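Engineer: Sharing final-v3.cif here; it has mmCIF, C-alpha atoms, pLDDT in the B column; chains and numbers go by the auth columns.
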data_work
#
loop_
_atom_site.group_PDB
_atom_site.id
_atom_site.type_symbol
_atom_site.label_atom_id
_atom_site.label_comp_id
_atom_site.label_asym_id
_atom_site.label_seq_id
_atom_site.Cartn_x
_atom_site.Cartn_y
_atom_site.Cartn_z
_atom_site.B_iso_or_equiv
_atom_site.auth_seq_id
_atom_site.auth_asym_id
ATOM 1 C CA MET A 1 0.969 -6.502 26.778 46.00 1 K
ATOM 2 C CA ALA A 2 2.552 -6.387 23.321 71.00 2 K
ATOM 3 C CA ASP A 3 3.384 -3.034 21.773 91.00 3 K
ATOM 4 C CA VAL A 4 0.617 -2.013 19.419 95.00 4 K
ATOM 5 C CA ALA A 5 -0.051 0.815 16.995 96.00 5 K
ATOM 6 C CA LEU A 6 -3.086 1.810 14.962 97.00 6 K
ATOM 7 C CA GLY A 7 -2.949 1.413 11.193 98.00 7 K
ATOM 8 C CA ILE A 8 -5.417 3.063 8.802 98.00 8 K
ATOM 9 C CA ASP A 9 -5.546 2.161 5.111 97.00 9 K
ATOM 10 C CA ILE A 10 -7.387 4.755 2.995 97.00 10 K
ATOM 11 C CA GLY A 11 -8.341 3.610 -0.487 92.00 11 K
ATOM 12 C CA GLY A 12 -10.670 4.624 -3.251 89.00 12 K
ATOM 13 C CA SER A 13 -13.307 2.030 -2.324 89.00 13 K
ATOM 14 C CA GLY A 14 -12.752 1.345 1.383 95.00 14 K
ATOM 15 C CA ILE A 15 -11.191 2.726 4.547 97.00 15 K
ATOM 16 C CA LYS A 16 -9.833 0.047 6.893 97.00 16 K
ATOM 17 C CA ALA A 17 -8.196 0.130 10.305 98.00 17 K
ATOM 18 C CA ALA A 18 -7.001 -2.133 13.102 97.00 18 K
ATOM 19 C CA LEU A 19 -4.569 -2.258 15.948 96.00 19 K
ATOM 20 C CA VAL A 20 -1.335 -4.021 14.992 97.00 20 K
ATOM 21 C CA ASP A 21 1.155 -5.901 17.139 96.00 21 K
ATOM 22 C CA VAL A 22 4.326 -4.153 15.996 95.00 22 K
ATOM 23 C CA GLY A 23 6.456 -7.028 17.256 95.00 23 K
ATOM 24 C CA ASP A 24 5.239 -9.543 14.703 95.00 24 K
ATOM 25 C CA GLY A 25 3.007 -7.573 12.309 96.00 25 K
ATOM 26 C CA ALA A 26 -0.180 -9.436 13.234 96.00 26 K
ATOM 27 C CA LEU A 27 -3.490 -7.647 13.684 96.00 27 K
ATOM 28 C CA ALA A 28 -4.271 -7.230 17.378 95.00 28 K
ATOM 29 C CA THR A 29 -7.971 -6.466 16.810 95.00 29 K
ATOM 30 C CA GLU A 30 -10.538 -7.277 14.173 95.00 30 K
ATOM 31 C CA ARG A 31 -10.223 -5.130 11.068 96.00 31 K
ATOM 32 C CA VAL A 32 -12.908 -2.455 10.723 97.00 32 K
ATOM 33 C CA ARG A 33 -13.915 -1.340 7.236 97.00 33 K
ATOM 34 C CA LEU A 34 -16.280 1.325 5.927 98.00 34 K
ATOM 35 C CA ALA A 35 -16.879 2.317 2.322 97.00 35 K
ATOM 36 C CA THR A 36 -14.992 5.351 1.114 96.00 36 K
ATOM 37 C CA PRO A 37 -17.499 8.210 0.730 97.00 37 K
ATOM 38 C CA GLN A 38 -18.327 9.366 -2.782 96.00 38 K
ATOM 39 C CA PRO A 39 -17.187 11.903 -3.716 96.00 39 K
ATOM 40 C CA ALA A 40 -14.063 11.223 -1.640 97.00 40 K
ATOM 41 C CA THR A 41 -13.428 14.831 -0.616 97.00 41 K
ATOM 42 C CA PRO A 42 -11.066 15.686 2.250 98.00 42 K
ATOM 43 C CA GLU A 43 -13.937 16.557 4.569 98.00 43 K
ATOM 44 C CA ALA A 44 -15.908 13.386 3.852 98.00 44 K
ATOM 45 C CA VAL A 45 -12.906 11.059 4.064 98.00 45 K
ATOM 46 C CA ALA A 46 -11.745 12.597 7.344 98.00 46 K
ATOM 47 C CA ARG A 47 -15.203 12.013 8.856 98.00 47 K
ATOM 48 C CA THR A 48 -15.206 8.379 7.739 98.00 48 K
ATOM 49 C CA VAL A 49 -11.692 7.830 9.084 98.00 49 K
ATOM 50 C CA ALA A 50 -12.888 9.153 12.449 98.00 50 K
ATOM 51 C CA GLU A 51 -15.825 6.710 12.381 98.00 51 K
ATOM 52 C CA VAL A 52 -13.587 3.745 11.564 98.00 52 K
ATOM 53 C CA VAL A 53 -11.085 4.644 14.280 97.00 53 K
ATOM 54 C CA ALA A 54 -13.886 5.103 16.818 96.00 54 K
ATOM 55 C CA GLU A 55 -14.991 1.515 16.172 96.00 55 K
ATOM 56 C CA VAL A 56 -11.449 0.208 16.647 96.00 56 K
ATOM 57 C CA ARG A 57 -11.066 2.209 19.843 92.00 57 K
ATOM 58 C CA ALA A 58 -14.349 0.872 21.189 93.00 58 K
ATOM 59 C CA SER A 59 -13.151 -2.696 20.636 89.00 59 K
ATOM 60 C CA ALA A 60 -9.935 -2.237 22.644 85.00 60 K
ATOM 61 C CA PRO A 61 -10.183 0.697 25.066 76.00 61 K
ATOM 62 C CA ASP A 62 -7.436 -0.713 27.315 77.00 62 K
ATOM 63 C CA ARG A 63 -4.849 -0.506 24.511 70.00 63 K
ATOM 64 C CA LEU A 64 -5.146 3.206 23.742 69.00 64 K
ATOM 65 C CA PRO A 65 -3.695 5.756 23.150 74.00 65 K
ATOM 66 C CA VAL A 66 -1.183 4.440 20.629 89.00 66 K
ATOM 67 C CA ALA A 67 0.799 5.730 17.665 96.00 67 K
ATOM 68 C CA ILE A 68 -1.370 6.183 14.570 97.00 68 K
ATOM 69 C CA GLY A 69 -0.286 5.712 10.960 98.00 69 K
ATOM 70 C CA ALA A 70 -2.358 6.111 7.800 98.00 70 K
ATOM 71 C CA THR A 71 -1.865 5.326 4.128 98.00 71 K
ATOM 72 C CA PHE A 72 -3.125 7.389 1.213 97.00 72 K
ATOM 73 C CA PRO A 73 -3.202 6.760 -2.563 95.00 73 K
ATOM 74 C CA ALA A 74 -0.991 9.720 -3.392 96.00 74 K
ATOM 75 C CA VAL A 75 2.502 11.108 -3.351 97.00 75 K
ATOM 76 C CA VAL A 76 2.939 12.357 0.224 98.00 76 K
ATOM 77 C CA LEU A 77 5.523 15.055 0.949 98.00 77 K
ATOM 78 C CA ASP A 78 5.828 16.422 4.494 97.00 78 K
ATOM 79 C CA GLY A 79 2.230 15.431 5.205 98.00 79 K
ATOM 80 C CA VAL A 80 0.846 17.073 2.044 98.00 80 K
ATOM 81 C CA THR A 81 -0.806 14.948 -0.657 98.00 81 K
ATOM 82 C CA MET A 82 0.620 16.022 -4.004 98.00 82 K
ATOM 83 C CA SER A 83 -1.542 13.786 -6.184 96.00 83 K
ATOM 84 C CA ALA A 84 -4.806 11.844 -5.934 94.00 84 K
ATOM 85 C CA ALA A 85 -5.637 8.368 -7.246 87.00 85 K
ATOM 86 C CA ASN A 86 -9.266 7.181 -7.092 86.00 86 K
ATOM 87 C CA VAL A 87 -10.157 9.994 -4.673 94.00 87 K
ATOM 88 C CA ASP A 88 -11.323 13.568 -5.211 96.00 88 K
ATOM 89 C CA ASP A 89 -8.858 15.971 -6.842 97.00 89 K
ATOM 90 C CA ALA A 90 -9.370 18.317 -3.887 98.00 90 K
ATOM 91 C CA TRP A 91 -6.722 16.215 -2.125 98.00 91 K
ATOM 92 C CA ILE A 92 -4.028 17.585 -4.447 98.00 92 K
ATOM 93 C CA GLY A 93 -2.048 20.061 -2.351 98.00 93 K
ATOM 94 C CA GLU A 94 -4.058 19.222 0.783 98.00 94 K
ATOM 95 C CA ALA A 95 -2.386 19.242 4.206 98.00 95 K
ATOM 96 C CA ALA A 96 -3.754 15.736 4.619 98.00 96 K
ATOM 97 C CA GLU A 97 -1.742 14.681 7.655 98.00 97 K
ATOM 98 C CA ALA A 98 -2.889 17.754 9.577 98.00 98 K
ATOM 99 C CA ARG A 99 -6.514 17.249 8.503 98.00 99 K
ATOM 100 C CA LEU A 100 -6.570 13.632 9.692 98.00 100 K
ATOM 101 C CA SER A 101 -4.786 14.566 12.914 98.00 101 K
ATOM 102 C CA ASP A 102 -7.429 17.205 13.599 98.00 102 K
ATOM 103 C CA ALA A 103 -10.220 14.723 12.838 98.00 103 K
ATOM 104 C CA LEU A 104 -8.845 12.198 15.347 97.00 104 K
ATOM 105 C CA GLY A 105 -7.525 14.619 17.942 95.00 105 K
ATOM 106 C CA GLU A 106 -4.121 12.859 17.816 95.00 106 K
ATOM 107 C CA ARG A 107 -1.020 12.973 15.640 96.00 107 K
ATOM 108 C CA VAL A 108 -1.297 10.883 12.493 98.00 108 K
ATOM 109 C CA HIS A 109 1.740 9.837 10.443 98.00 109 K
ATOM 110 C CA LEU A 110 0.753 9.743 6.761 98.00 110 K
ATOM 111 C CA LEU A 111 2.519 7.889 3.942 98.00 111 K
ATOM 112 C CA ASN A 112 1.928 6.621 0.427 98.00 112 K
ATOM 113 C CA ASP A 113 -0.174 3.453 0.342 96.00 113 K
ATOM 114 C CA ALA A 114 2.249 1.315 -1.656 97.00 114 K
ATOM 115 C CA ASP A 115 5.135 2.488 0.536 98.00 115 K
ATOM 116 C CA ALA A 116 3.193 1.264 3.574 98.00 116 K
ATOM 117 C CA ALA A 117 2.581 -2.125 1.967 97.00 117 K
ATOM 118 C CA GLY A 118 6.254 -2.364 1.131 98.00 118 K
ATOM 119 C CA LEU A 119 7.271 -1.540 4.700 98.00 119 K
ATOM 120 C CA ALA A 120 5.064 -4.382 5.912 98.00 120 K
ATOM 121 C CA GLU A 121 6.675 -6.853 3.510 98.00 121 K
ATOM 122 C CA VAL A 122 10.192 -5.719 4.445 98.00 122 K
ATOM 123 C CA GLY A 123 9.447 -5.738 8.161 97.00 123 K
ATOM 124 C CA PHE A 124 7.369 -8.883 8.479 97.00 124 K
ATOM 125 C CA GLY A 125 6.723 -10.508 5.110 97.00 125 K
ATOM 126 C CA ALA A 126 8.288 -11.791 1.916 97.00 126 K
ATOM 127 C CA ALA A 127 11.239 -9.349 1.924 98.00 127 K
ATOM 128 C CA ARG A 128 12.213 -9.674 5.574 96.00 128 K
ATOM 129 C CA HIS A 129 15.986 -9.873 6.062 94.00 129 K
ATOM 130 C CA VAL A 130 16.595 -9.363 2.327 97.00 130 K
ATOM 131 C CA ARG A 131 19.543 -7.056 1.649 96.00 131 K
ATOM 132 C CA GLY A 132 20.220 -5.085 -1.501 98.00 132 K
ATOM 133 C CA VAL A 133 17.480 -3.643 -3.698 98.00 133 K
ATOM 134 C CA VAL A 134 13.910 -4.811 -3.150 98.00 134 K
ATOM 135 C CA LEU A 135 10.994 -3.726 -5.338 98.00 135 K
ATOM 136 C CA VAL A 136 7.445 -4.236 -4.040 98.00 136 K
ATOM 137 C CA LEU A 137 4.574 -3.797 -6.512 98.00 137 K
ATOM 138 C CA THR A 138 0.876 -3.752 -5.657 96.00 138 K
ATOM 139 C CA LEU A 139 -1.239 -4.852 -8.608 95.00 139 K
ATOM 140 C CA GLY A 140 -4.885 -3.929 -8.234 91.00 140 K
ATOM 141 C CA THR A 141 -6.972 -1.045 -9.565 87.00 141 K
ATOM 142 C CA GLY A 142 -3.646 0.559 -10.413 91.00 142 K
ATOM 143 C CA VAL A 143 0.000 -0.313 -9.839 95.00 143 K
ATOM 144 C CA GLY A 144 1.694 0.933 -6.685 95.00 144 K
ATOM 145 C CA SER A 145 5.394 0.608 -5.982 98.00 145 K
ATOM 146 C CA ALA A 146 7.800 0.696 -3.064 98.00 146 K
ATOM 147 C CA LEU A 147 11.570 0.641 -3.527 98.00 147 K
ATOM 148 C CA PHE A 148 14.047 -0.319 -0.791 98.00 148 K
ATOM 149 C CA VAL A 149 17.832 -0.297 -0.591 98.00 149 K
ATOM 150 C CA ASP A 150 19.174 -2.386 2.301 97.00 150 K
ATOM 151 C CA GLY A 151 15.834 -2.017 4.048 96.00 151 K
ATOM 152 C CA MET A 152 15.634 1.771 3.616 97.00 152 K
ATOM 153 C CA LEU A 153 12.605 3.130 1.762 98.00 153 K
ATOM 154 C CA VAL A 154 12.947 5.380 -1.280 98.00 154 K
ATOM 155 C CA PRO A 155 9.503 7.018 -0.946 97.00 155 K
ATOM 156 C CA ASN A 156 6.877 7.932 -3.528 97.00 156 K
ATOM 157 C CA THR A 157 8.338 6.106 -6.532 97.00 157 K
ATOM 158 C CA GLU A 158 4.923 5.678 -8.265 96.00 158 K
ATOM 159 C CA LEU A 159 6.338 3.351 -10.920 98.00 159 K
ATOM 160 C CA GLY A 160 2.848 2.532 -12.144 96.00 160 K
ATOM 161 C CA HIS A 161 2.788 6.032 -13.643 95.00 161 K
ATOM 162 C CA LEU A 162 5.734 5.440 -15.962 97.00 162 K
ATOM 163 C CA GLU A 163 5.245 5.372 -19.726 97.00 163 K
ATOM 164 C CA PHE A 164 5.984 1.978 -21.243 97.00 164 K
ATOM 165 C CA ARG A 165 5.399 0.819 -24.820 96.00 165 K
ATOM 166 C CA GLY A 166 3.250 3.861 -25.478 97.00 166 K
ATOM 167 C CA HIS A 167 1.071 3.308 -22.415 97.00 167 K
ATOM 168 C CA ALA A 168 1.032 6.316 -20.098 95.00 168 K
ATOM 169 C CA PRO A 169 0.543 5.531 -17.351 96.00 169 K
ATOM 170 C CA VAL A 170 1.555 1.894 -17.666 98.00 170 K
ATOM 171 C CA GLU A 171 -0.835 0.869 -14.864 96.00 171 K
ATOM 172 C CA GLY A 172 -3.688 1.248 -17.356 96.00 172 K
ATOM 173 C CA TRP A 173 -2.116 -1.596 -19.343 98.00 173 K
ATOM 174 C CA VAL A 174 -0.647 -3.923 -16.712 98.00 174 K
ATOM 175 C CA SER A 175 -2.859 -3.601 -13.617 96.00 175 K
ATOM 176 C CA ASP A 176 -5.254 -6.276 -12.437 95.00 176 K
ATOM 177 C CA ARG A 177 -8.048 -3.881 -13.379 94.00 177 K
ATOM 178 C CA ALA A 178 -6.784 -3.893 -16.982 96.00 178 K
ATOM 179 C CA ARG A 179 -6.751 -7.710 -16.959 97.00 179 K
ATOM 180 C CA ARG A 180 -10.356 -7.827 -15.821 96.00 180 K
ATOM 181 C CA GLU A 181 -11.735 -4.995 -17.954 97.00 181 K
ATOM 182 C CA GLU A 182 -10.072 -6.308 -21.133 98.00 182 K
ATOM 183 C CA ASP A 183 -11.023 -9.894 -20.243 98.00 183 K
ATOM 184 C CA LEU A 184 -7.427 -11.004 -20.725 98.00 184 K
ATOM 185 C CA SER A 185 -6.400 -14.588 -20.137 98.00 185 K
ATOM 186 C CA TRP A 186 -3.827 -15.088 -17.404 97.00 186 K
ATOM 187 C CA LYS A 187 -1.319 -16.043 -20.105 97.00 187 K
ATOM 188 C CA ARG A 188 -1.790 -12.802 -22.074 98.00 188 K
ATOM 189 C CA TRP A 189 -1.828 -10.614 -18.984 98.00 189 K
ATOM 190 C CA THR A 190 1.251 -12.256 -17.466 98.00 190 K
ATOM 191 C CA ALA A 191 3.108 -11.638 -20.744 98.00 191 K
ATOM 192 C CA ARG A 192 2.441 -7.929 -20.186 98.00 192 K
ATOM 193 C CA LEU A 193 3.556 -8.192 -16.580 98.00 193 K
ATOM 194 C CA ASP A 194 6.723 -10.032 -17.580 98.00 194 K
ATOM 195 C CA ALA A 195 7.644 -7.283 -20.063 98.00 195 K
ATOM 196 C CA TYR A 196 7.009 -4.569 -17.461 98.00 196 K
ATOM 197 C CA LEU A 197 9.061 -6.367 -14.806 98.00 197 K
ATOM 198 C CA ARG A 198 11.915 -6.823 -17.263 98.00 198 K
ATOM 199 C CA TYR A 199 11.826 -3.069 -17.910 98.00 199 K
ATOM 200 C CA LEU A 200 11.924 -2.278 -14.183 98.00 200 K
ATOM 201 C CA THR A 201 14.729 -4.783 -13.698 98.00 201 K
ATOM 202 C CA GLY A 202 16.757 -2.926 -16.306 98.00 202 K
ATOM 203 C CA LEU A 203 16.191 0.340 -14.441 98.00 203 K
ATOM 204 C CA PHE A 204 16.812 -0.789 -10.854 98.00 204 K
ATOM 205 C CA SER A 205 18.602 -4.178 -10.900 98.00 205 K
ATOM 206 C CA PRO A 206 16.568 -5.475 -7.939 98.00 206 K
ATOM 207 C CA ASP A 207 17.669 -8.445 -5.870 98.00 207 K
ATOM 208 C CA LEU A 208 14.016 -9.362 -5.241 98.00 208 K
ATOM 209 C CA ILE A 209 10.623 -8.358 -6.649 98.00 209 K
ATOM 210 C CA VAL A 210 7.555 -8.842 -4.438 98.00 210 K
ATOM 211 C CA LEU A 211 4.104 -8.836 -6.059 98.00 211 K
ATOM 212 C CA GLY A 212 1.170 -7.798 -3.906 95.00 212 K
ATOM 213 C CA GLY A 213 -2.373 -6.620 -4.468 89.00 213 K
ATOM 214 C CA GLY A 214 -5.324 -8.637 -5.649 84.00 214 K
ATOM 215 C CA VAL A 215 -3.350 -10.927 -7.959 91.00 215 K
ATOM 216 C CA SER A 216 -0.926 -12.157 -5.291 91.00 216 K
ATOM 217 C CA LYS A 217 -3.236 -14.998 -4.276 92.00 217 K
ATOM 218 C CA ARG A 218 -2.971 -16.391 -7.813 95.00 218 K
ATOM 219 C CA PHE A 219 0.807 -16.080 -7.995 96.00 219 K
ATOM 220 C CA GLU A 220 1.673 -19.760 -7.646 96.00 220 K
ATOM 221 C CA ASP A 221 -0.919 -21.217 -9.988 96.00 221 K
ATOM 222 C CA LYS A 222 -1.289 -18.496 -12.646 97.00 222 K
ATOM 223 C CA ILE A 223 1.745 -16.216 -12.663 97.00 223 K
ATOM 224 C CA ALA A 224 5.011 -17.647 -11.339 97.00 224 K
ATOM 225 C CA GLU A 225 5.805 -20.186 -14.058 96.00 225 K
ATOM 226 C CA ARG A 226 5.113 -17.635 -16.818 97.00 226 K
ATOM 227 C CA LEU A 227 7.638 -15.063 -15.590 98.00 227 K
ATOM 228 C CA ASP A 228 11.205 -14.973 -16.881 97.00 228 K
ATOM 229 C CA VAL A 229 12.500 -11.751 -15.384 97.00 229 K
ATOM 230 C CA GLY A 230 16.045 -12.775 -14.481 96.00 230 K
ATOM 231 C CA VAL A 231 15.715 -12.024 -10.753 97.00 231 K
ATOM 232 C CA PRO A 232 13.684 -13.743 -8.005 98.00 232 K
ATOM 233 C CA VAL A 233 9.984 -12.830 -7.962 98.00 233 K
ATOM 234 C CA THR A 234 7.676 -13.852 -5.130 98.00 234 K
ATOM 235 C CA ALA A 235 4.194 -13.167 -3.812 97.00 235 K
ATOM 236 C CA ALA A 236 3.537 -10.730 -0.984 97.00 236 K
ATOM 237 C CA ALA A 237 2.880 -12.381 2.357 97.00 237 K
ATOM 238 C CA LEU A 238 0.572 -9.878 4.058 95.00 238 K
ATOM 239 C CA ARG A 239 -1.779 -9.217 1.125 87.00 239 K
ATOM 240 C CA ASN A 240 -4.824 -7.133 2.143 85.00 240 K
ATOM 241 C CA GLU A 241 -3.446 -6.373 5.597 94.00 241 K
ATOM 242 C CA ALA A 242 -0.157 -4.931 4.337 96.00 242 K
ATOM 243 C CA GLY A 243 -1.258 -1.284 4.276 96.00 243 K
ATOM 244 C CA ILE A 244 -2.606 -1.365 7.812 98.00 244 K
ATOM 245 C CA VAL A 245 0.482 -3.162 9.124 98.00 245 K
ATOM 246 C CA GLY A 246 2.945 -0.904 7.336 98.00 246 K
ATOM 247 C CA ALA A 247 1.214 2.284 8.458 98.00 247 K
ATOM 248 C CA ALA A 248 1.104 1.123 12.072 98.00 248 K
ATOM 249 C CA TRP A 249 4.738 0.020 12.067 97.00 249 K
ATOM 250 C CA GLN A 250 5.947 3.285 10.562 97.00 250 K
ATOM 251 C CA ALA A 251 3.979 5.317 13.112 97.00 251 K
ATOM 252 C CA HIS A 252 5.395 3.236 15.941 96.00 252 K
ATOM 253 C CA ARG A 253 8.945 3.792 14.710 94.00 253 K
ATOM 254 C CA LEU A 254 8.447 7.555 14.328 93.00 254 K
ATOM 255 C CA ARG A 255 6.682 8.084 17.639 83.00 255 K
#
Starting from the file, lay out its structure as structure tokens.
Structural biologist:
Amino acid sequence: MADVALGIDIGGSGIKAALVDVGDGALATERVRLATPQPATPEAVARTVAEVVAEVRASAPDRLPVAIGATFPAVVLDGVTMSAANVDDAWIGEAAEARLSDALGERVHLLNDADAAGLAEVGFGAARHVRGVVLVLTLGTGVGSALFVDGMLVPNTELGHLEFRGHAPVEGWVSDRARREEDLSWKRWTARLDAYLRYLTGLFSPDLIVLGGGVSKRFEDKIAERLDVGVPVTAAALRNEAGIVGAAWQAHRLR
């Protein structure tokens, strides 16, 4: 039987989980998803996480127990969430890793959601075997970021919260949500993205930029030819499964 771990991806609109084959990054069970409770308080989210995990466990009882990893839309320091994006502000300063571990009755390894997606891309996706500096951006409701140097993660970069051209945070100007809410054409929005990527390139001199999130599926036909960043830019390979895969892989490595 392949080595597996459980990945949980906690977001502002949905909580998803599945078992992951940590040898190749493929899902080993069907993905289970429940809506994130509103308001997304620590108590309510922990209950929903327990419900999602119970469904995964019921689908594969012969493959448990396993290492468990979870993502969260926040800066995560020593298991404590220091910020909160699209969830209740009660998460700020919350011992989130301990709360989720108590809810599941097993140790949970918690990390920033974009960091988890980046780990998946470095381990199994578009940045596999790439040396040097790799920057992974998730473009969706906001802008998440994961920065790697020779495969090693620099955690909690949160580059979507930078100020750029008077926009603070810049994710309110360059995210996929901004494109949709302002009804921007792909040409106008990609011009914003190009300027932002040029700025990040000046800061970090990446060898590769990987674009994930909701826009990654339109990379080839709407984005790629309009970028002139000066370094290679490619689409993420794991897309909506990246958070689950990255969380599971990290938990497996830390177990």
Engineer: Enumerate, as number ranges by chain, the residues matched when the PyMOL selection byres ((chain K and resi 105) around 12) is run on the file above.
Structural biologist: K: 46, 49-50, 53-54, 65, 68, 97-104, 106-108
Engineer: Next, the residues of the selection above should be written as a PDB file, in the coordinates of the input with C-alpha atoms.
Structural biologist:
ATOM      1  CA  ALA K  46     -11.745  12.597   7.344  1.00 98.00           C
ATOM      2  CA  VAL K  49     -11.692   7.830   9.084  1.00 98.00           C
ATOM      3  CA  ALA K  50     -12.888   9.153  12.449  1.00 98.00           C
ATOM      4  CA  VAL K  53     -11.085   4.644  14.280  1.00 97.00           C
ATOM      5  CA  ALA K  54     -13.886   5.103  16.818  1.00 96.00           C
ATOM      6  CA  PRO K  65      -3.695   5.756  23.150  1.00 74.00           C
ATOM      7  CA  ILE K  68      -1.370   6.183  14.570  1.00 97.00           C
ATOM      8  CA  GLU K  97      -1.742  14.681   7.655  1.00 98.00           C
ATOM      9  CA  ALA K  98      -2.889  17.754   9.577  1.00 98.00           C
ATOM     10  CA  ARG K  99      -6.514  17.249   8.503  1.00 98.00           C
ATOM     11  CA  LEU K 100      -6.570  13.632   9.692  1.00 98.00           C
ATOM     12  CA  SER K 101      -4.786  14.566  12.914  1.00 98.00           C
ATOM     13  CA  ASP K 102      -7.429  17.205  13.599  1.00 98.00           C
ATOM     14  CA  ALA K 103     -10.220  14.723  12.838  1.00 98.00           C
ATOM     15  CA  LEU K 104      -8.845  12.198  15.347  1.00 97.00           C
ATOM     16  CA  GLU K 106      -4.121  12.859  17.816  1.00 95.00           C
ATOM     17  CA  ARG K 107      -1.020  12.973  15.640  1.00 96.00           C
ATOM     18  CA  VAL K 108      -1.297  10.883  12.493  1.00 98.00           C
TER      19      VAL K 108
END
Engineer: Write out as a PyMOL selection string each polymer residue whose atoms come within 6 Å of region 200-206 of chain K, counting all atoms listed in the file; drop sequence neighbours fewer than 2 positions from it.
Structural biologist: chain K and resi 133-134+197-198+208
Engineer: Taking the file above as input, evaluate the PyMOL selection byres ((chain K and resi 239) around 10) and report the hits as a list in words.
Structural biologist: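 When the PyMOL selection byres ((chain K and resi 239) around 10) is applied to the shown file, the picked residues are Ala117, Ala120, Glu121, Gly125, Thr138, Leu211, Gly212, Gly213, Gly214, Val215, Ser216, Lys217, Ala235, Ala236, Ala237, Leu238, Asn240, Glu241, Ala242 and Gly243 of chain K.
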Engineer: Can you write just those residues out, C-alpha atoms, as a PDB file, in the coordinates of the input?
Structural biologist:
ATOM      1  CA  ALA K 117       2.581  -2.125   1.967  1.00 97.00           C
ATOM      2  CA  ALA K 120       5.064  -4.382   5.912  1.00 98.00           C
ATOM      3  CA  GLU K 121       6.675  -6.853   3.510  1.00 98.00           C
ATOM      4  CA  GLY K 125       6.723 -10.508   5.110  1.00 97.00           C
ATOM      5  CA  THR K 138       0.876  -3.752  -5.657  1.00 96.00           C
ATOM      6  CA  LEU K 211       4.104  -8.836  -6.059  1.00 98.00           C
ATOM      7  CA  GLY K 212       1.170  -7.798  -3.906  1.00 95.00           C
ATOM      8  CA  GLY K 213      -2.373  -6.620  -4.468  1.00 89.00           C
ATOM      9  CA  GLY K 214      -5.324  -8.637  -5.649  1.00 84.00           C
ATOM     10  CA  VAL K 215      -3.350 -10.927  -7.959  1.00 91.00           C
ATOM     11  CA  SER K 216      -0.926 -12.157  -5.291  1.00 91.00           C
ATOM     12  CA  LYS K 217      -3.236 -14.998  -4.276  1.00 92.00           C
ATOM     13  CA  ALA K 235       4.194 -13.167  -3.812  1.00 97.00           C
ATOM     14  CA  ALA K 236       3.537 -10.730  -0.984  1.00 97.00           C
ATOM     15  CA  ALA K 237       2.880 -12.381   2.357  1.00 97.00           C
ATOM     16  CA  LEU K 238       0.572  -9.878   4.058  1.00 95.00           C
ATOM     17  CA  ASN K 240      -4.824  -7.133   2.143  1.00 85.00           C
ATOM     18  CA  GLU K 241      -3.446  -6.373   5.597  1.00 94.00           C
ATOM     19  CA  ALA K 242      -0.157  -4.931   4.337  1.00 96.00           C
ATOM     20  CA  GLY K 243      -1.258  -1.284   4.276  1.00 96.00           C
TER      21      GLY K 243
END
Engineer: Between CA of Asp176 (chain K) and CA of Gly142 (chain K), what is the spacing in Å?
Structural biologist: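 If I compute the distance from CA of Gly142 (chain K) to CA of Asp176 (chain K), I get 7.3 Å.
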Engineer: For the atom pair CA of Leu27 (chain K) and CA of Val66 (chain K), what is the interatomic distance in Å to one decimal place?
Structural biologist: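 So the two atoms, CA of Leu27 (chain K) and CA of Val66 (chain K), lie 14.1 Å apart.
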Engineer: The PyMOL selection byres ((chain K and resi 63) around 12) - which residues does that actually catch in the file I just gave you? List them as a list in words.
Structural biologist: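 Here the PyMOL selection byres ((chain K and resi 63) around 12) matches Met1, Ala2, Asp3, Val4, Ala5, Leu6, Ala18, Leu19, Val20, Asp21, Ala28, Thr29, Val56, Arg57, Ala58, Ser59, Ala60, Pro61, Asp62, Leu64, Pro65, Val66 and Ala67 of chain K.
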Engineer: Output the selection as a compact mmCIF listing (two decimals), in the frame of the given file - C-alpha atoms for each residue.
Structural biologist:
# COMPACT_ATOMS: atom_id res chain seq x y z
CA MET K 1 0.97 -6.50 26.78
CA ALA K 2 2.55 -6.39 23.32
CA ASP K 3 3.38 -3.03 21.77
CA VAL K 4 0.62 -2.01 19.42
CA ALA K 5 -0.05 0.82 17.00
CA LEU K 6 -3.09 1.81 14.96
CA ALA K 18 -7.00 -2.13 13.10
CA LEU K 19 -4.57 -2.26 15.95
CA VAL K 20 -1.34 -4.02 14.99
CA ASP K 21 1.16 -5.90 17.14
CA ALA K 28 -4.27 -7.23 17.38
CA THR K 29 -7.97 -6.47 16.81
CA VAL K 56 -11.45 0.21 16.65
CA ARG K 57 -11.07 2.21 19.84
CA ALA K 58 -14.35 0.87 21.19
CA SER K 59 -13.15 -2.70 20.64
CA ALA K 60 -9.94 -2.24 22.64
CA PRO K 61 -10.18 0.70 25.07
CA ASP K 62 -7.44 -0.71 27.32
CA LEU K 64 -5.15 3.21 23.74
CA PRO K 65 -3.70 5.76 23.15
CA VAL K 66 -1.18 4.44 20.63
CA ALA K 67 0.80 5.73 17.66
Engineer: Do you know which residues are at most 7 Å from region 69-79 of chain K counting all atoms listed in the file, after dropping those on the same chain fewer than 4 positions away, and could you put them as number ranges by chain?
Structural biologist: K: 6-11, 83-85, 95-97, 108-113, 116, 156, 243, 247-248, 250-251
Engineer: What is the distance, in Å and to one decimal place, between CA of Pro155 (chain K) and CA of Gly118 (chain K)?
Structural biologist: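 Calculated distance between CA of Pro155 (chain K) and CA of Gly118 (chain K) is 10.1 Å.
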Engineer: Quick one: of K:Asn86, K:Thr157, K:Thr234, K:Ser185, who's nearest to Gln38 (chain K), counting only C-alpha atoms?
Structural biologist: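 Under the stated criterion, the closest residue is K:Asn86.
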Engineer: Could you build a table of the residues in region 70-154 of chain K lying no more than 8 Å from region 160-165 of chain K, giving for each the nearest pair of atoms and their separation in Å rounded to one decimal place, using all atoms listed in the file, ordered by chain and ascending residue number, as a tab-separated table?
Structural biologist:
residue	atom	partner	partner_atom	distance
K:Gly142	CA	K:Gly160	CA	7.0
K:Val143	CA	K:Gly160	CA	4.6
K:Gly144	CA	K:Gly160	CA	5.8
K:Ser145	CA	K:Gly160	CA	6.9
